[in-house]
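I have placed the structure first, in the form of structure tokens, so that the comments after it can refer back to it.
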Amino acid sequence: MDLKGAAMAVLISILWGANSVVISSDSRTPAASPAWMRMVVGGAVICGWAWATRRFIDFRIEPAEWRPLLLLGLLFSVQMAATNVGTWLTSAAHASILLNLYAVHTVVLAHFMIPGDRLTVRKLTGR
């Protein structure tokens, strides 16, 4: 990894780590506020990039795709709301630990649920 890649990784880690702090910091702000703000900013950045690179030209949603997309959007919204409310109701430290344990849960669940994806000593040590 070069210096630019390492710097970006550190920046993303700082921003992701600040997420729990921002959600937990102000009890007067509704828990969903940071989530919808992230989605609006992220959507604007992606749409801006697609427009600037002319990738919006071929973008269209077929009629048969609307229902699955709306269902996925609803599930994603419920998941984000639950995550933000849970983070809002606890300390930033607790939320950060729980949110970043997903790698452990993923490896353990994959071992039992995905055929051929076994938890080995090599995977356990991160090599």
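Labeling convention for the structure tokens: chains A, B, ... as they appear, residues from 1 per chain, ligands from 1 in order of appearance.
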Quick one: pick out all alpha helix (DSSP H) residues within region 4-56 of chain A from a backbone DSSP run and write them as a VMD selection string.
chain A and resid 4 to 25 33 to 52
Using 9 Å as the limit and counting only C-alpha atoms, can you tabulate each residue of region 3-23 of chain A that touches region 93-102 of chain A, with its shortest atom-to-atom distance in Å and the two atoms involved, as JSON lines?
{"residue": "A:Gly17", "atom": "CA", "partner": "A:Ser96", "partner_atom": "CA", "distance": 7.1}
{"residue": "A:Asn19", "atom": "CA", "partner": "A:Ser96", "partner_atom": "CA", "distance": 8.6}
{"residue": "A:Ser20", "atom": "CA", "partner": "A:Ser96", "partner_atom": "CA", "distance": 6.1}
{"residue": "A:Val21", "atom": "CA", "partner": "A:Ala93", "partner_atom": "CA", "distance": 8.1}
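Of note, CA of Thr90 (chain A) and CA of Ile23 (chain A) are spaced 9.7 Å apart.
One finds CA of Met39 (chain A) at 17.2 Å from CA of Thr87 (chain A).
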Contact residues around Gly126 (chain A) with only C-alpha atoms at 12 Å, ignoring same-chain residues under 5 positions, as a ChimeraX atom specification
/A:103-104,107,119-121
